[in-house]
Amino acid sequence: MSEWDSVADRVNFNLKISTDDFVASVPLESKILDFGCGYGRITKQILELGYREVVGIDSSKEMVSRGLSECPELDLRYLSAEVLPFSDGEFDSIVLCAVLTCIPEQSYRENILSELHRVLKPQGIIYLAEFCSDQSLHFVSGTGVSMWHSSKAEFEALLTNFNIESSTLVDNSTMSGHKSKAIHIIARKVI
Ligand SMILES: C[S@@+](CC[C@H](N)C(=O)[O-])C[C@H]1O[C@@H](n2cnc3c(N)ncnc32)[C@H](O)[C@@H]1O
C-alpha cells in the first residue's frame with residue numbers, strides 16, 4: 001500500500017508546470033508518460049494542450065482510482081513495479097510534477113531516473129517540475145508524507161545521461177500555503 005492512498009481523496013496538488021516551455025520543447029504528436037500522475041491533474045492538462053497520447057502511471061491505487069472516477073477518459077494506470085512495463089524508447093517525452101519531491105531516498109530516485117531514461121527515446125525530453133530549496137530539506141508534510149525539497153544542484157546532478165536545456169527557479173507555494181520555490185528542468189536524453 002502507498003502512503004498516498006490514505007490521503008488520495010483529500011489532497012489537491014498545486015505545483016504548476018510551465019506549459020509554454022513544455023509546448024516549445026515537445027512536439028504535439030509526441031507520446032508522453034506522466035510518471036507519478038496522482039489523480040491525473042497534469043495528464044489532463046497536457047491533453048488540453050492538444051497532445052493526444054498521454055499515459056499516466058502512479059504507485060497509489062487510490063490516486064488512480066480517484067482520477068478515473070473524476071475523469072474516466074484519461075489513460076491512468078496503477079503501477080507499483082520498479083521495472084516499468086514499457087519498451088526501450090517507447091515515449092517521446094516524460095513529465096514528473098512533484099514526484100521526486102516525495103521520494104526521500106537518493107538511491108530510489110536514481111533507480112527511477114535510470115528506468116525513465118530506458119523508456120525515453122533517444123533525443124526525447126524529460127520535464128521535471130519539483131519543489132526546490134536553497135538548503136536541501138527533509139521533512140514530513142502536513143498530510144504525513146515524507147518529503148525532500150532538494151537544492152537545484154541536487155536535482156541537476158540526478159540527470160546524468162541527459163543534457164539540461166533549461167533549469168529555472170520560480171515561486172510556487174506548497175500545498176499548505178508556505179512560501180516556496182520550484183524548479184522547472186527541461187533535459188534531453190543524449191545517450
Ligand atoms: C505530490 S503527488 C503529484 C501528483 C501529480 N504529478 C500532480 O502534480 O498532480 C506525487 C505522486 O507521485 C506518486 N509516486 C511516488 N512514488 C512513485 C513511484 N515510485 N512510482 C509511481 N508513482 C509514484 C505518488 O503516489 C503521488 O501520487
# chains A, B, ... in the order shown; residues from 1 in each chain; ligands from 1
call {"tool": "select_by_dssp", "arguments": {"residues": "stretch 10-96 of chain A", "states": "alpha helix (DSSP H)", "output": "ChimeraX atom specification"}}
result
/A:19-25,41-48,61-70
call {"tool": "write_last_selection", "arguments": {"atoms": "N, CA and C atoms", "output": "short mmCIF file (atom, residue, chain, number, x, y, z; two decimals), in the first residue's frame"}}
result
data_model
loop_
_atom_site.label_atom_id
_atom_site.label_comp_id
_atom_site.auth_asym_id
_atom_site.auth_seq_id
_atom_site.Cartn_x
_atom_site.Cartn_y
_atom_site.Cartn_z
N THR A 19 3.55 25.50 -19.14
CA THR A 19 3.01 24.92 -20.37
C THR A 19 3.66 25.53 -21.61
N ASP A 20 4.02 26.80 -21.56
CA ASP A 20 4.66 27.43 -22.73
C ASP A 20 6.00 26.74 -23.04
N ASP A 21 6.78 26.50 -21.99
CA ASP A 21 8.09 25.87 -22.19
C ASP A 21 7.91 24.42 -22.65
N PHE A 22 6.91 23.76 -22.09
CA PHE A 22 6.68 22.35 -22.47
C PHE A 22 6.32 22.26 -23.95
N VAL A 23 5.37 23.08 -24.38
CA VAL A 23 4.92 23.05 -25.77
C VAL A 23 6.07 23.44 -26.73
N ALA A 24 6.92 24.35 -26.27
CA ALA A 24 8.04 24.77 -27.13
C ALA A 24 9.06 23.65 -27.31
N SER A 25 9.12 22.71 -26.39
CA SER A 25 10.15 21.65 -26.46
C SER A 25 9.61 20.30 -26.91
N ARG A 41 -4.12 15.16 -12.68
CA ARG A 41 -4.22 16.62 -12.89
C ARG A 41 -3.36 17.08 -14.08
N ILE A 42 -2.10 16.64 -14.11
CA ILE A 42 -1.19 17.09 -15.18
C ILE A 42 -1.48 16.32 -16.48
N THR A 43 -1.86 15.04 -16.35
CA THR A 43 -2.22 14.25 -17.54
C THR A 43 -3.32 15.00 -18.31
N LYS A 44 -4.31 15.45 -17.56
CA LYS A 44 -5.46 16.16 -18.16
C LYS A 44 -4.99 17.49 -18.78
N GLN A 45 -4.15 18.19 -18.05
CA GLN A 45 -3.68 19.49 -18.55
C GLN A 45 -2.90 19.32 -19.86
N ILE A 46 -2.09 18.27 -19.94
CA ILE A 46 -1.29 18.06 -21.16
C ILE A 46 -2.22 17.72 -22.33
N LEU A 47 -3.24 16.91 -22.07
CA LEU A 47 -4.20 16.60 -23.15
C LEU A 47 -4.90 17.88 -23.62
N GLU A 48 -5.21 18.75 -22.68
CA GLU A 48 -5.89 20.01 -23.04
C GLU A 48 -4.99 20.94 -23.86
N LYS A 61 -2.87 3.18 -5.74
CA LYS A 61 -4.10 2.68 -6.35
C LYS A 61 -5.25 3.68 -6.16
N GLU A 62 -5.29 4.29 -4.97
CA GLU A 62 -6.39 5.20 -4.65
C GLU A 62 -6.30 6.50 -5.46
N MET A 63 -5.09 6.96 -5.74
CA MET A 63 -4.94 8.17 -6.57
C MET A 63 -5.48 7.89 -7.97
N VAL A 64 -5.09 6.75 -8.51
CA VAL A 64 -5.53 6.40 -9.86
C VAL A 64 -7.05 6.21 -9.88
N SER A 65 -7.55 5.58 -8.85
CA SER A 65 -8.99 5.34 -8.79
C SER A 65 -9.77 6.68 -8.72
N ARG A 66 -9.26 7.63 -7.92
CA ARG A 66 -9.89 8.96 -7.89
C ARG A 66 -9.85 9.61 -9.27
N GLY A 67 -8.69 9.54 -9.91
CA GLY A 67 -8.54 10.16 -11.24
C GLY A 67 -9.51 9.57 -12.25
N LEU A 68 -9.64 8.26 -12.21
CA LEU A 68 -10.52 7.62 -13.21
C LEU A 68 -11.98 7.89 -12.90
N SER A 69 -12.31 8.07 -11.63
CA SER A 69 -13.71 8.38 -11.35
C SER A 69 -14.03 9.83 -11.70
N GLU A 70 -13.05 10.75 -11.52
CA GLU A 70 -13.31 12.16 -11.89
C GLU A 70 -13.21 12.38 -13.40
#
call {"tool": "residues_near_ligand", "arguments": {"ligand": "ligand 1", "cutoff": "7 Å", "atoms": "only C-alpha atoms and all ligand atoms", "output": "PyMOL selection string"}}
result
chain A and resi 2+4+13-15+35-42+57-60+63+79-80+82+96-99+102-103+112
call {"tool": "residues_around", "arguments": {"residues": "stretch 170-174 of chain A", "least_positions_apart": "5", "cutoff": "7 Å", "atoms": "only C-alpha atoms", "output": "ChimeraX atom specification"}}
result
/A:15,179-183
call {"tool": "residues_around", "arguments": {"residues": "A:Asp88", "least_positions_apart": "6", "cutoff": "8 Å", "atoms": "only C-alpha atoms", "output": "list of chain:residue names"}}
result
A:Arg118, A:Val119, A:Leu120, A:Lys121
call {"tool": "atom_distance", "arguments": {"atom1": "atom CA of A:Arg109", "atom2": "atom CA of A:Asn12"}}
result
23.4 Å
call {"tool": "atom_distance", "arguments": {"atom1": "atom CA of A:Ser176", "atom2": "atom CA of A:Ile126"}}
result
27.4 Å
call {"tool": "select_by_dssp", "arguments": {"residues": "stretch 25-158 of chain A", "states": "strand (DSSP E)", "output": "CSV table (one decimal) with all heavy atoms, in the first residue's frame"}}
result
chain,number,residue,atom,x,y,z
A,31,LYS,N,4.3,10.9,-27.9
A,31,LYS,CA,3.7,10.0,-26.9
A,31,LYS,C,4.3,10.3,-25.5
A,31,LYS,O,5.6,10.3,-25.4
A,31,LYS,CB,3.9,8.6,-27.3
A,31,LYS,CG,3.4,7.6,-26.3
A,31,LYS,CD,3.4,6.2,-26.8
A,31,LYS,CE,2.8,5.2,-25.7
A,31,LYS,NZ,2.8,3.8,-26.2
A,32,ILE,N,3.5,10.7,-24.6
A,32,ILE,CA,4.0,11.2,-23.3
A,32,ILE,C,3.7,10.4,-22.1
A,32,ILE,O,2.5,9.8,-22.0
A,32,ILE,CB,3.4,12.7,-23.1
A,32,ILE,CG1,3.9,13.6,-24.3
A,32,ILE,CG2,3.9,13.2,-21.8
A,32,ILE,CD1,3.1,14.9,-24.3
A,33,LEU,N,4.6,10.2,-21.2
A,33,LEU,CA,4.4,9.5,-20.0
A,33,LEU,C,4.4,10.5,-18.8
A,33,LEU,O,5.3,11.3,-18.7
A,33,LEU,CB,5.5,8.5,-19.7
A,33,LEU,CG,5.5,7.7,-18.4
A,33,LEU,CD1,4.2,6.8,-18.3
A,33,LEU,CD2,6.7,6.9,-18.1
A,34,ASP,N,3.3,10.5,-18.1
A,34,ASP,CA,3.2,11.3,-16.9
A,34,ASP,C,3.4,10.4,-15.7
A,34,ASP,O,2.6,9.7,-15.2
A,34,ASP,CB,1.8,12.0,-16.8
A,34,ASP,CG,1.6,12.8,-15.6
A,34,ASP,OD1,2.6,13.1,-14.9
A,34,ASP,OD2,0.4,13.2,-15.3
A,35,PHE,N,4.7,10.4,-15.2
A,35,PHE,CA,5.1,9.5,-14.2
A,35,PHE,C,4.8,10.1,-12.8
A,35,PHE,O,5.1,11.2,-12.5
A,35,PHE,CB,6.7,9.3,-14.3
A,35,PHE,CG,7.2,8.3,-13.3
A,35,PHE,CD1,7.1,6.9,-13.5
A,35,PHE,CD2,7.7,8.7,-12.1
A,35,PHE,CE1,7.5,6.0,-12.5
A,35,PHE,CE2,8.1,7.8,-11.1
A,35,PHE,CZ,8.0,6.5,-11.3
A,53,GLU,N,-1.7,11.5,-27.0
A,53,GLU,CA,-1.3,10.3,-26.4
A,53,GLU,C,-0.5,10.5,-25.1
A,53,GLU,O,0.7,10.8,-25.1
A,53,GLU,CB,-0.4,9.5,-27.4
A,53,GLU,CG,-0.8,8.1,-27.7
A,53,GLU,CD,0.1,7.3,-28.6
A,53,GLU,OE1,0.8,8.0,-29.4
A,53,GLU,OE2,0.3,6.1,-28.3
A,54,VAL,N,-1.3,10.4,-24.0
A,54,VAL,CA,-0.7,10.7,-22.7
A,54,VAL,C,-1.1,9.6,-21.8
A,54,VAL,O,-2.2,9.3,-21.5
A,54,VAL,CB,-1.1,12.1,-22.1
A,54,VAL,CG1,-0.3,12.4,-20.9
A,54,VAL,CG2,-1.0,13.2,-23.1
A,55,VAL,N,0.0,8.9,-21.2
A,55,VAL,CA,-0.3,7.8,-20.3
A,55,VAL,C,0.2,8.2,-18.9
A,55,VAL,O,1.3,8.7,-18.8
A,55,VAL,CB,0.5,6.5,-20.7
A,55,VAL,CG1,0.3,5.4,-19.7
A,55,VAL,CG2,0.2,6.1,-22.1
A,56,GLY,N,-0.7,8.1,-17.9
A,56,GLY,CA,-0.3,8.5,-16.5
A,56,GLY,C,-0.2,7.2,-15.7
A,56,GLY,O,-1.0,6.3,-15.8
A,57,ILE,N,0.9,7.1,-15.0
A,57,ILE,CA,1.1,6.0,-14.1
A,57,ILE,C,1.4,6.4,-12.7
A,57,ILE,O,2.0,7.5,-12.5
A,57,ILE,CB,2.2,5.0,-14.6
A,57,ILE,CG1,3.5,5.6,-14.6
A,57,ILE,CG2,1.8,4.4,-15.9
A,57,ILE,CD1,4.6,4.6,-14.8
A,58,ASP,N,0.9,5.7,-11.7
A,58,ASP,CA,1.1,6.0,-10.3
A,58,ASP,C,1.1,4.8,-9.4
A,58,ASP,O,0.4,3.8,-9.7
A,58,ASP,CB,0.0,7.0,-9.8
A,58,ASP,CG,0.4,7.8,-8.6
A,58,ASP,OD1,0.4,7.2,-7.5
A,58,ASP,OD2,0.8,9.0,-8.8
A,75,ASP,N,-6.1,8.0,-19.5
A,75,ASP,CA,-5.4,6.7,-19.5
A,75,ASP,C,-4.5,6.8,-18.3
A,75,ASP,O,-3.3,7.1,-18.4
A,75,ASP,CB,-4.6,6.5,-20.8
A,75,ASP,CG,-3.9,5.2,-20.8
A,75,ASP,OD1,-3.9,4.5,-19.8
A,75,ASP,OD2,-3.4,4.8,-21.9
A,76,LEU,N,-5.1,6.4,-17.1
A,76,LEU,CA,-4.3,6.4,-15.9
A,76,LEU,C,-4.2,4.9,-15.4
A,76,LEU,O,-5.1,4.2,-15.4
A,76,LEU,CB,-5.0,7.2,-14.8
A,76,LEU,CG,-5.4,8.6,-15.1
A,76,LEU,CD1,-6.1,9.2,-13.9
A,76,LEU,CD2,-4.2,9.4,-15.5
A,77,ARG,N,-2.9,4.5,-15.0
A,77,ARG,CA,-2.7,3.1,-14.7
A,77,ARG,C,-2.0,3.0,-13.3
A,77,ARG,O,-1.0,3.8,-13.1
A,77,ARG,CB,-1.8,2.5,-15.8
A,77,ARG,CG,-2.4,2.7,-17.2
A,77,ARG,CD,-1.4,2.0,-18.2
A,77,ARG,NE,-1.8,2.5,-19.5
A,77,ARG,CZ,-1.1,2.2,-20.6
A,77,ARG,NH1,-0.1,1.4,-20.5
A,77,ARG,NH2,-1.5,2.6,-21.8
A,78,TYR,N,-2.4,2.1,-12.5
A,78,TYR,CA,-1.8,1.8,-11.3
A,78,TYR,C,-0.6,0.9,-11.5
A,78,TYR,O,-0.8,-0.2,-12.1
A,78,TYR,CB,-2.8,1.2,-10.3
A,78,TYR,CG,-2.2,0.5,-9.1
A,78,TYR,CD1,-1.4,1.2,-8.2
A,78,TYR,CD2,-2.4,-0.9,-9.0
A,78,TYR,CE1,-0.8,0.5,-7.2
A,78,TYR,CE2,-1.8,-1.5,-7.9
A,78,TYR,CZ,-1.0,-0.8,-7.0
A,78,TYR,OH,-0.4,-1.5,-5.9
A,91,PHE,N,8.6,6.2,-25.2
A,91,PHE,CA,8.0,7.5,-25.1
A,91,PHE,C,8.9,8.6,-25.7
A,91,PHE,O,10.1,8.6,-25.6
A,91,PHE,CB,7.7,7.8,-23.6
A,91,PHE,CG,6.7,7.0,-23.0
A,91,PHE,CD1,7.0,5.8,-22.3
A,91,PHE,CD2,5.3,7.3,-23.1
A,91,PHE,CE1,6.0,4.9,-21.8
A,91,PHE,CE2,4.3,6.4,-22.6
A,91,PHE,CZ,4.7,5.3,-22.0
A,92,ASP,N,8.2,9.6,-26.3
A,92,ASP,CA,8.9,10.8,-26.8
A,92,ASP,C,9.3,11.8,-25.7
A,92,ASP,O,10.2,12.6,-25.8
A,92,ASP,CB,8.1,11.5,-27.8
A,92,ASP,CG,7.7,10.6,-29.0
A,92,ASP,OD1,8.6,10.2,-29.7
A,92,ASP,OD2,6.5,10.2,-29.1
A,93,SER,N,8.4,11.7,-24.6
A,93,SER,CA,8.7,12.7,-23.6
A,93,SER,C,8.1,12.1,-22.2
A,93,SER,O,7.1,11.3,-22.3
A,93,SER,CB,8.0,14.0,-23.9
A,93,SER,OG,8.2,14.9,-22.8
A,94,ILE,N,8.7,12.5,-21.1
A,94,ILE,CA,8.3,12.1,-19.8
A,94,ILE,C,8.2,13.3,-18.9
A,94,ILE,O,9.1,14.2,-18.9
A,94,ILE,CB,9.3,11.1,-19.2
A,94,ILE,CG1,9.4,9.8,-20.1
A,94,ILE,CG2,8.9,10.7,-17.8
A,94,ILE,CD1,10.4,8.8,-19.6
A,95,VAL,N,7.1,13.4,-18.2
A,95,VAL,CA,6.9,14.5,-17.2
A,95,VAL,C,6.8,14.0,-15.8
A,95,VAL,O,6.2,13.0,-15.5
A,95,VAL,CB,5.5,15.2,-17.6
A,95,VAL,CG1,5.2,16.3,-16.6
A,95,VAL,CG2,5.5,15.7,-19.0
A,96,LEU,N,7.5,14.7,-14.9
A,96,LEU,CA,7.3,14.4,-13.5
A,96,LEU,C,7.0,15.7,-12.8
A,96,LEU,O,7.7,16.7,-13.0
A,96,LEU,CB,8.7,13.9,-12.9
A,96,LEU,CG,9.1,12.5,-13.1
A,96,LEU,CD1,9.7,12.3,-14.4
A,96,LEU,CD2,10.0,12.0,-12.0
A,97,CYS,N,5.9,15.8,-12.1
A,97,CYS,CA,5.5,17.0,-11.4
A,97,CYS,C,5.3,16.6,-9.9
A,97,CYS,O,4.4,15.9,-9.6
A,97,CYS,CB,4.2,17.6,-12.0
A,97,CYS,SG,3.7,19.1,-11.2
A,120,LEU,N,12.6,6.3,-22.4
A,120,LEU,CA,12.5,7.5,-23.2
A,120,LEU,C,13.3,7.3,-24.5
A,120,LEU,O,14.4,6.7,-24.5
A,120,LEU,CB,13.1,8.7,-22.4
A,120,LEU,CG,13.1,10.0,-23.0
A,120,LEU,CD1,11.7,10.5,-23.2
A,120,LEU,CD2,13.8,11.0,-22.1
A,121,LYS,N,12.8,7.8,-25.6
A,121,LYS,CA,13.5,7.7,-26.9
A,121,LYS,C,14.8,8.5,-26.9
A,121,LYS,O,14.9,9.6,-26.2
A,121,LYS,CB,12.6,8.4,-28.0
A,121,LYS,CG,11.6,7.5,-28.6
A,121,LYS,CD,11.1,8.0,-29.9
A,121,LYS,CE,10.1,7.0,-30.4
A,121,LYS,NZ,8.7,7.6,-30.5
A,122,PRO,N,15.8,8.1,-27.6
A,122,PRO,CA,17.0,9.0,-27.8
A,122,PRO,C,16.5,10.4,-28.3
A,122,PRO,O,15.6,10.4,-29.1
A,122,PRO,CB,17.8,8.3,-28.9
A,122,PRO,CG,17.4,6.8,-28.8
A,122,PRO,CD,15.9,6.9,-28.4
A,123,GLN,N,17.1,11.4,-27.7
A,123,GLN,CA,16.7,12.8,-28.0
A,123,GLN,C,15.4,13.2,-27.4
A,123,GLN,O,14.9,14.3,-27.6
A,123,GLN,CB,16.7,13.1,-29.5
A,123,GLN,CG,18.0,12.9,-30.2
A,123,GLN,CD,19.1,13.7,-29.6
A,123,GLN,OE1,18.9,14.9,-29.3
A,123,GLN,NE2,20.3,13.1,-29.4
A,124,GLY,N,14.7,12.3,-26.7
A,124,GLY,CA,13.4,12.6,-26.0
A,124,GLY,C,13.6,13.6,-24.9
A,124,GLY,O,14.8,13.7,-24.3
A,125,ILE,N,12.6,14.3,-24.5
A,125,ILE,CA,12.6,15.3,-23.4
A,125,ILE,C,12.0,14.8,-22.1
A,125,ILE,O,11.0,14.2,-22.1
A,125,ILE,CB,11.8,16.5,-23.9
A,125,ILE,CG1,12.5,17.3,-25.0
A,125,ILE,CG2,11.6,17.5,-22.7
A,125,ILE,CD1,13.7,18.1,-24.6
A,126,ILE,N,12.8,15.0,-21.0
A,126,ILE,CA,12.2,14.8,-19.7
A,126,ILE,C,12.0,16.2,-19.1
A,126,ILE,O,12.9,17.1,-19.2
A,126,ILE,CB,13.2,13.9,-18.8
A,126,ILE,CG1,12.4,13.5,-17.5
A,126,ILE,CG2,14.5,14.5,-18.6
A,126,ILE,CD1,13.1,12.4,-16.8
A,127,TYR,N,10.8,16.3,-18.5
A,127,TYR,CA,10.4,17.6,-18.0
A,127,TYR,C,10.2,17.4,-16.5
A,127,TYR,O,9.3,16.6,-16.1
A,127,TYR,CB,9.2,18.2,-18.6
A,127,TYR,CG,8.7,19.5,-18.1
A,127,TYR,CD1,9.0,20.7,-18.8
A,127,TYR,CD2,8.1,19.6,-16.9
A,127,TYR,CE1,8.6,21.9,-18.3
A,127,TYR,CE2,7.7,20.8,-16.4
A,127,TYR,CZ,8.0,22.0,-17.1
A,127,TYR,OH,7.6,23.2,-16.6
A,128,LEU,N,10.9,18.1,-15.6
A,128,LEU,CA,10.7,18.0,-14.2
A,128,LEU,C,10.2,19.3,-13.6
A,128,LEU,O,10.8,20.4,-13.9
A,128,LEU,CB,12.1,17.7,-13.5
A,128,LEU,CG,12.9,16.5,-13.8
A,128,LEU,CD1,14.1,16.5,-12.8
A,128,LEU,CD2,12.2,15.3,-13.6
A,129,ALA,N,9.2,19.2,-12.8
A,129,ALA,CA,8.7,20.4,-12.0
A,129,ALA,C,8.7,19.8,-10.6
A,129,ALA,O,8.0,18.9,-10.3
A,129,ALA,CB,7.4,20.9,-12.4
A,130,GLU,N,9.6,20.4,-9.7
A,130,GLU,CA,9.8,19.9,-8.4
A,130,GLU,C,9.9,21.0,-7.4
A,130,GLU,O,10.6,22.0,-7.7
A,130,GLU,CB,11.0,18.9,-8.3
A,130,GLU,CG,11.0,17.7,-9.2
A,130,GLU,CD,10.0,16.6,-8.7
A,130,GLU,OE1,9.5,16.7,-7.5
A,130,GLU,OE2,9.6,15.7,-9.5
A,131,PHE,N,9.5,20.8,-6.2
A,131,PHE,CA,9.7,21.8,-5.1
A,131,PHE,C,11.2,21.8,-4.8
A,131,PHE,O,11.9,20.7,-4.9
A,131,PHE,CB,8.9,21.5,-3.9
A,131,PHE,CG,7.5,21.9,-4.0
A,131,PHE,CD1,6.5,21.0,-4.1
A,131,PHE,CD2,7.2,23.3,-4.0
A,131,PHE,CE1,5.2,21.3,-4.3
A,131,PHE,CE2,5.8,23.7,-4.1
A,131,PHE,CZ,4.8,22.7,-4.3
A,132,CYS,N,11.8,23.0,-4.6
A,132,CYS,CA,13.2,23.1,-4.5
A,132,CYS,C,13.6,24.1,-3.4
A,132,CYS,O,12.8,25.0,-3.1
A,132,CYS,CB,13.7,23.7,-5.9
A,132,CYS,SG,15.4,23.8,-6.1
A,137,LEU,N,16.2,19.9,2.1
A,137,LEU,CA,15.3,20.0,3.3
A,137,LEU,C,14.5,18.7,3.3
A,137,LEU,O,13.6,18.4,2.4
A,137,LEU,CB,14.4,21.2,3.1
A,137,LEU,CG,13.6,21.7,4.2
A,137,LEU,CD1,14.6,22.2,5.3
A,137,LEU,CD2,12.7,22.8,3.8
A,138,HIS,N,14.7,17.8,4.3
A,138,HIS,CA,13.9,16.6,4.6
A,138,HIS,C,12.8,17.0,5.6
A,138,HIS,O,13.2,17.5,6.7
A,138,HIS,CB,14.7,15.5,5.0
A,138,HIS,CG,15.5,14.9,4.0
A,138,HIS,ND1,15.2,13.7,3.3
A,138,HIS,CD2,16.8,15.2,3.5
A,138,HIS,CE1,16.1,13.4,2.4
A,138,HIS,NE2,17.1,14.3,2.5
A,139,PHE,N,11.6,16.6,5.4
A,139,PHE,CA,10.5,16.8,6.4
A,139,PHE,C,9.3,16.0,6.1
A,139,PHE,O,9.2,15.3,5.1
A,139,PHE,CB,10.1,18.3,6.5
A,139,PHE,CG,9.5,18.8,5.2
A,139,PHE,CD1,8.1,18.9,5.1
A,139,PHE,CD2,10.3,19.2,4.1
A,139,PHE,CE1,7.6,19.4,3.9
A,139,PHE,CE2,9.8,19.7,3.0
A,139,PHE,CZ,8.4,19.8,2.8
A,140,VAL,N,8.4,15.9,7.1
A,140,VAL,CA,7.1,15.2,6.9
A,140,VAL,C,6.1,16.2,6.7
A,140,VAL,O,5.9,17.2,7.5
A,140,VAL,CB,6.8,14.3,8.1
A,140,VAL,CG1,5.5,13.6,7.9
A,140,VAL,CG2,7.9,13.2,8.3
A,146,SER,N,6.5,11.7,3.7
A,146,SER,CA,7.9,12.2,3.7
A,146,SER,C,8.2,12.9,2.5
A,146,SER,O,7.9,12.5,1.4
A,146,SER,CB,8.8,11.0,3.8
A,146,SER,OG,8.4,10.2,4.9
A,147,MET,N,8.9,14.1,2.7
A,147,MET,CA,9.2,15.0,1.6
A,147,MET,C,10.7,15.3,1.6
A,147,MET,O,11.4,15.3,2.6
A,147,MET,CB,8.5,16.3,1.7
A,147,MET,CG,7.0,16.2,1.7
A,147,MET,SD,6.5,16.1,0.0
A,147,MET,CE,4.8,15.8,0.2
A,148,TRP,N,11.2,15.6,0.4
A,148,TRP,CA,12.6,16.1,0.3
A,148,TRP,C,12.6,17.2,-0.8
A,148,TRP,O,12.4,16.9,-2.0
A,148,TRP,CB,13.5,14.9,-0.2
A,148,TRP,CG,15.0,15.3,-0.3
A,148,TRP,CD1,15.6,16.5,0.1
A,148,TRP,CD2,16.0,14.5,-0.9
A,148,TRP,NE1,16.9,16.4,-0.2
A,148,TRP,CE2,17.2,15.3,-0.8
A,148,TRP,CE3,16.1,13.3,-1.5
A,148,TRP,CZ2,18.4,14.8,-1.3
A,148,TRP,CZ3,17.3,12.8,-2.0
A,148,TRP,CH2,18.4,13.6,-1.9
A,149,HIS,N,12.7,18.4,-0.3
A,149,HIS,CA,12.9,19.6,-1.2
A,149,HIS,C,14.4,19.7,-1.4
A,149,HIS,O,15.1,20.2,-0.6
A,149,HIS,CB,12.3,20.9,-0.6
A,149,HIS,CG,10.8,20.9,-0.5
A,149,HIS,ND1,10.1,22.1,-0.3
A,149,HIS,CD2,9.9,19.9,-0.7
A,149,HIS,CE1,8.8,21.8,-0.3
A,149,HIS,NE2,8.7,20.5,-0.6
call {"tool": "atom_distance", "arguments": {"atom1": "atom CA of A:Ala8", "atom2": "atom CA of A:Leu100"}}
result
17.7 Å
call {"tool": "closest_residue", "arguments": {"among": "A:Pro85, A:Ser167, A:Lys16, A:Phe162", "to": "A:Ile191", "atoms": "only C-alpha atoms"}}
result
A:Phe162
call {"tool": "closest_residue", "arguments": {"among": "A:Ser30, A:Ser151, A:Ile186, A:Thr143", "to": "A:Asp9", "atoms": "only C-alpha atoms"}}
result
A:Thr143
call {"tool": "closest_residue", "arguments": {"among": "A:Lys189, A:His117, A:Ser141, A:Glu73", "to": "A:Met175", "atoms": "only C-alpha atoms"}}
result
A:Ser141
